[in-house]
2 protein chains.
Amino acid sequence: LAPVSFDVFVSKAQQKIESTLTSLVPKEPESLYAPVRDILSAGGKRIRPLLTALAAQLGNEQSKWEYAAAAVELLHTFTLAHDDIMDNASSRRGRPTLHVRYGTNAAILSGDVIIALATESLSRGKYALLPQMIEEFAKAFREVCEGQALDKDFETRSDVTPDDYLRMIELKTARVIELAAVLGSLCTGGKYVEEMREFAHHAGVAFQVNDDLLDLTSEHPAFGKTIGGDILEGKRSFLFVSATGKLEQGDANEQALINRIASRKATQEDIVLAQQAFLRLGVLREAKERIELETRRAQAALAAIPQSPTAELLVAFSELLLSRSR
Amino acid sequence: LAPVSFDVFVSKAQQKIESTLTSLVPKEPESLYAPVRDILSAGGKRIRPLLTALAAQLGNEQSKWEYAAAAVELLHTFTLAHDDIMDNASSRRGRPTLHVRYGTNAAILSGDVIIALATESLSRGKYALLPQMIEEFAKAFREVCEGQALDKDFETRSDVTPDDYLRMIELKTARVIELAAVLGSLCTGGKYVEEMREFAHHAGVAFQVNDDLLDLTSEHPAFGKTIGGDILEGKRSFLFVSATGKLEQGDANEQALINRIASRKATQEDIVLAQQAFLRLGVLREAKERIELETRRAQAALAAIPQSPTAELLVAFSELLLSRSR
C-alpha cells in the first residue's frame, strides 16, 4: 500500500470517531456536559480509537467499530480529567484543565459521566462478543486506576526502579492502548485478538518511554509542550528513575541535580544540566534501548498476522505512534 | 408468609452480598484499595442489593444474582465517595469520609475504581441478558451523574420548585433503586421487569422524600444522624424547596428563617423554628402526601405481579424501605 492509503484511512476513521463522540454527549444538564464537550474538543490525535478502527479491519464481519473506538477514547479522556485534578495540572494541550476552568467538583463529575458514556457507547454497538468486550473494558479500567495509584505512590518514594516504572506504565499507559486493539479485534470476531494485544502492549510501553525521552530531547515539541517539562515538574519518568538508580556513578553536581528534580526545585537552567547528566550516565541510551526492545517485540507480534493490507496499515500505525514528537 | 421468612431471606441475602463485595476488591495497591475496603465496610443496610436479590426470585432461572447486586451496591458506594468530596462532607455513618481520611486524590481514584469493580462484577455473573443489563447499568450511571449535577446547580438557585426537586431525585436517588430492581429481574429472564422498574421508581422517590421528612421529624434518628442536619447544612430538600414556594404565605420571621437556611446560616435554635414553620406552612403535609402518592403507585405496580411468596417479600421490602428511621 502506498503511504497515502494510510493517510486516507486515518482521515476517514478520524471523521467517524469525531462524529460518534459528538453524538454520544447529551445536551443537558449544561453544567455537566459543557466540561465534557470542552475536553473532548481539545482533540489530540485520537491514536487509540484509530487503533480500534485498524484492528477491526482484521476481521471478516461488518461491524460498527466506531462505538468501541469511542468507548476507548472516552476511557482515555476520563483519565486525563481526573489525573489533572490529582496532579494539580493547570493546562493541557495549551488550554486550561477542566478543574481550573470549571472547578474541581465539575471536573470530578464530568470525568465520572465520561465513563458512563463510554459504557453506553459499548452497549450501543450491539456487538456479538459484548460480554468479552465488557470484561476487557472493566479490567483495563480497573488496571488504569491501579497504574495511577502506583504513579501517585512513586511521588513519595525514592527507591523506584526502572522495572517498577515499567510495571506502572504497563498499567497506566499500555492497558488503554491494548484495550483499543483488543476491542477493535473483538468487534469483528476476535480472530487475531492475542496478537493484537501483544502488539499494542509493547507498542504502548515503547510509546510511553519515547514520550519520556522526547520530553528532554525533542527538537520539535508538540503544541502546549516545552522541553524539560518533566524535569521542572519533578516527574518520576523513565529517565528520572533510571538516573536515580545510577546516582552512585554520578559526581556531586549530578547528585545535587537529581535531588533538585526529586524535590521539585529544578529550574530552567537544570534542563540543560539534566540533558548532559542523563547522557553521561547512560540514561538516554537505556531509554533508547528499551524503546528498541519493545518496538521489536511489537513488530514480532504483528509478524504473526498474515500479510494483508490491514497488516501494512498496522505497521504504519506503529511508526506514527513512535515517531510523533509529542 | 410469616414476617420471620422475610428476616431470614434478608439475613441470608446480606451474607451473600457481603462476601461477594469482599471477593471483588483486590489486595493491592494498598493506597487504592484501603479506602475502597473502608467505605464498603461502613455498611449500611444494603437495601439496593437486597432488592436485586428479591427481584431475581421472580424469575424461574437459577442465576448468580449476587454479582448484579454487588454491581448496584458498588455504583451506590461510588456516588457516596464522590458526592462527599463535592459536598465537602466530613463524616458519613459516624465515620470520617474518605477524602478526610485519605485525601481528595485517593477518594477520587477510589471512587473511580469502584465503578470499574461494579462493571467487572456484572461481567462475572455470566448473565444471558448481559447486553440489556449493561445498557441499563450505563444509563442509570449516566443519569445519577446528571442528578448530582442538578443537585449542585440547585445550591446556587433560589427558584427550585418541588417538581424540579422531584425530577432531580428521580435521577439521583430513584435511578439506582430502579436499577437494583431491573438488574435483579434481568438476572433471571426479566419476566416482570417493567413492573419492577415502576415499583422501584415510585418506592425510590417515596424513600427520598421520606428521608427528607425524617431529617426534621424522626424521633429516633439513625446512628450518625442528628435531627435537623439538613437545616444546618442548608440542604435543598423537598421540605426546603416546598417552603420557599410558600414564602409569600409566611410571616417576616418565617421568611428570615428560610433565608438563614438558604444561606447556610441556620443555627441549632432554627431547627425547632423550622419544625414549627414547616408545619404551619403545610410543608410537612405536602411531603406526607407525596410519600403516600408515590407509595400507592409503587403498590399498584406490585399488584400487577401475580400473588407469590416473592411478591409478599416485595411488599415487606417496601415497608422496610419506607419505615426506616434513617
# chains A, B, ... in the order shown; residues from 1 in each chain; ligands from 1
>>> calpha_fit_rmsd(fixed="chain A", moving="chain B")
0.0 Å
>>> interface_residues(of="chain A", to="chain B", cutoff="6 Å", atoms="only C-alpha atoms", output="PyMOL selection string")
chain A and resi 32+86+105+113+116+119-120+123+135+138+141-142+145+149
>>> residues_around(residues="Thr97 (chain B)", least_positions_apart="4", cutoff="10 Å", atoms="only C-alpha atoms", output="list in words")
Pro35, Asp38, Ile39, Leu80, Ala81, Asp84, Ile85, Asn88, Ala89, Ser90, Ser91, Arg92, Arg93, Arg101, Tyr102, Gly103 and Ala107 of chain B
>>> write_last_selection(atoms="N, CA, C and O atoms", output="PDB file, in the first residue's frame")
ATOM      1  N   PRO B  35      -8.977   2.561  50.936  1.00  0.00           N
ATOM      2  CA  PRO B  35     -10.199   3.381  51.027  1.00  0.00           C
ATOM      3  C   PRO B  35     -11.441   2.645  50.519  1.00  0.00           C
ATOM      4  O   PRO B  35     -12.539   2.854  51.046  1.00  0.00           O
ATOM      5  N   ASP B  38     -12.548   0.392  53.184  1.00  0.00           N
ATOM      6  CA  ASP B  38     -13.054   1.218  54.282  1.00  0.00           C
ATOM      7  C   ASP B  38     -14.508   1.632  54.037  1.00  0.00           C
ATOM      8  O   ASP B  38     -15.390   1.396  54.872  1.00  0.00           O
ATOM      9  N   ILE B  39     -14.768   2.206  52.876  1.00  0.00           N
ATOM     10  CA  ILE B  39     -16.131   2.710  52.631  1.00  0.00           C
ATOM     11  C   ILE B  39     -17.113   1.548  52.500  1.00  0.00           C
ATOM     12  O   ILE B  39     -18.270   1.658  52.924  1.00  0.00           O
ATOM     13  N   LEU B  80     -21.467   7.854  46.832  1.00  0.00           N
ATOM     14  CA  LEU B  80     -21.197   8.388  48.176  1.00  0.00           C
ATOM     15  C   LEU B  80     -19.783   8.964  48.237  1.00  0.00           C
ATOM     16  O   LEU B  80     -19.573  10.068  48.749  1.00  0.00           O
ATOM     17  N   ALA B  81     -18.803   8.221  47.704  1.00  0.00           N
ATOM     18  CA  ALA B  81     -17.402   8.657  47.785  1.00  0.00           C
ATOM     19  C   ALA B  81     -17.211   9.995  47.076  1.00  0.00           C
ATOM     20  O   ALA B  81     -16.593  10.916  47.618  1.00  0.00           O
ATOM     21  N   ASP B  84     -19.424  13.024  48.561  1.00  0.00           N
ATOM     22  CA  ASP B  84     -18.875  13.561  49.809  1.00  0.00           C
ATOM     23  C   ASP B  84     -17.740  14.552  49.533  1.00  0.00           C
ATOM     24  O   ASP B  84     -17.573  15.516  50.287  1.00  0.00           O
ATOM     25  N   ILE B  85     -16.974  14.325  48.474  1.00  0.00           N
ATOM     26  CA  ILE B  85     -15.940  15.307  48.106  1.00  0.00           C
ATOM     27  C   ILE B  85     -16.636  16.593  47.661  1.00  0.00           C
ATOM     28  O   ILE B  85     -16.325  17.690  48.138  1.00  0.00           O
ATOM     29  N   ASN B  88     -18.195  18.492  50.310  1.00  0.00           N
ATOM     30  CA  ASN B  88     -17.281  18.832  51.401  1.00  0.00           C
ATOM     31  C   ASN B  88     -17.772  18.249  52.727  1.00  0.00           C
ATOM     32  O   ASN B  88     -17.681  18.887  53.781  1.00  0.00           O
ATOM     33  N   ALA B  89     -18.315  17.044  52.678  1.00  0.00           N
ATOM     34  CA  ALA B  89     -18.865  16.400  53.875  1.00  0.00           C
ATOM     35  C   ALA B  89     -17.738  15.780  54.680  1.00  0.00           C
ATOM     36  O   ALA B  89     -16.834  15.162  54.121  1.00  0.00           O
ATOM     37  N   SER B  90     -17.769  15.955  56.005  1.00  0.00           N
ATOM     38  CA  SER B  90     -16.659  15.458  56.820  1.00  0.00           C
ATOM     39  C   SER B  90     -16.955  14.099  57.444  1.00  0.00           C
ATOM     40  O   SER B  90     -16.033  13.395  57.838  1.00  0.00           O
ATOM     41  N   SER B  91     -18.215  13.730  57.578  1.00  0.00           N
ATOM     42  CA  SER B  91     -18.493  12.404  58.132  1.00  0.00           C
ATOM     43  C   SER B  91     -19.715  11.775  57.488  1.00  0.00           C
ATOM     44  O   SER B  91     -20.587  12.452  56.957  1.00  0.00           O
ATOM     45  N   ARG B  92     -19.728  10.457  57.499  1.00  0.00           N
ATOM     46  CA  ARG B  92     -20.843   9.666  56.990  1.00  0.00           C
ATOM     47  C   ARG B  92     -20.961   8.429  57.865  1.00  0.00           C
ATOM     48  O   ARG B  92     -19.974   7.751  58.107  1.00  0.00           O
ATOM     49  N   ARG B  93     -22.182   8.147  58.303  1.00  0.00           N
ATOM     50  CA  ARG B  93     -22.420   6.992  59.181  1.00  0.00           C
ATOM     51  C   ARG B  93     -21.455   7.007  60.364  1.00  0.00           C
ATOM     52  O   ARG B  93     -20.888   5.977  60.744  1.00  0.00           O
ATOM     53  N   ARG B 101     -10.187  11.218  55.425  1.00  0.00           N
ATOM     54  CA  ARG B 101      -9.257  10.233  55.984  1.00  0.00           C
ATOM     55  C   ARG B 101      -8.046   9.975  55.079  1.00  0.00           C
ATOM     56  O   ARG B 101      -6.929   9.800  55.560  1.00  0.00           O
ATOM     57  N   TYR B 102      -8.282   9.944  53.760  1.00  0.00           N
ATOM     58  CA  TYR B 102      -7.192   9.544  52.844  1.00  0.00           C
ATOM     59  C   TYR B 102      -6.745  10.662  51.904  1.00  0.00           C
ATOM     60  O   TYR B 102      -5.793  10.470  51.152  1.00  0.00           O
ATOM     61  N   GLY B 103      -7.441  11.789  51.917  1.00  0.00           N
ATOM     62  CA  GLY B 103      -7.113  12.869  50.986  1.00  0.00           C
ATOM     63  C   GLY B 103      -8.017  12.819  49.765  1.00  0.00           C
ATOM     64  O   GLY B 103      -8.558  11.766  49.421  1.00  0.00           O
ATOM     65  N   ALA B 107      -9.574   9.667  47.369  1.00  0.00           N
ATOM     66  CA  ALA B 107     -11.034   9.492  47.344  1.00  0.00           C
ATOM     67  C   ALA B 107     -11.564   9.533  45.912  1.00  0.00           C
ATOM     68  O   ALA B 107     -12.485   8.785  45.564  1.00  0.00           O
TER      69      ALA B 107
END
>>> residues_around(residues="region 275-278 of chain A", least_positions_apart="5", cutoff="9 Å", atoms="only C-alpha atoms", output="list of chain:residue names")
A:Leu216, A:Thr217, A:Gly228, A:Leu239, A:Phe240, A:Ser242, A:Ala243, A:Gly250, A:Glu254, A:Leu257, A:Asp270, A:Val283, A:Leu284, A:Arg285
>>> atom_distance(atom1="CA of Val205 (chain B)", atom2="CA of Glu294 (chain B)")
6.8 Å
>>> residues_around(residues="Pro309 (chain A)", least_positions_apart="4", cutoff="12 Å", atoms="only C-alpha atoms", output="ChimeraX atom specification")
/A:1-3,5-6,9,54-55,57-58,305,313-316
>>> select_by_dssp(residues="region 97-140 of chain A", states="alpha helix (DSSP H)", output="JSON, numbers by chain")
{"A": [98, 99, 100, 101, 102, 104, 105, 106, 107, 108, 109, 110, 111, 112, 113, 114, 115, 116, 117, 118, 119, 120, 121, 122, 123, 124, 130, 131, 132, 133, 134, 135, 136, 137, 138, 139, 140]}
>>> residues_around(residues="region 16-25 of chain B", least_positions_apart="4", cutoff="8 Å", atoms="only C-alpha atoms", output="list in words")
Lys12, Tyr33, Val36, Arg37, Leu40, Pro49, Glu66, Tyr67, Ala69, Ala70, Leu117 and Ser121 of chain B
>>> atom_distance(atom1="CA of Glu289 (chain B)", atom2="CA of Phe238 (chain B)")
12.1 Å
>>> atom_distance(atom1="CA of Arg236 (chain B)", atom2="CA of His220 (chain B)")
22.4 Å
>>> residues_around(residues="region 295-304 of chain B", least_positions_apart="4", cutoff="12 Å", atoms="only C-alpha atoms", output="JSON, numbers by chain")
{"B": [55, 58, 178, 181, 192, 193, 194, 195, 196, 197, 198, 199, 200, 201, 202, 203, 204, 205, 206, 207, 208, 209, 210, 288, 289, 290, 291, 308, 310, 311, 312, 313, 314, 315, 316, 317, 318, 319, 321, 322, 323]}
>>> closest_residue(among="A:Glu292, A:Asp211, A:Glu73, A:Asp159", to="Gly245 (chain A)", atoms="only C-alpha atoms")
A:Asp159
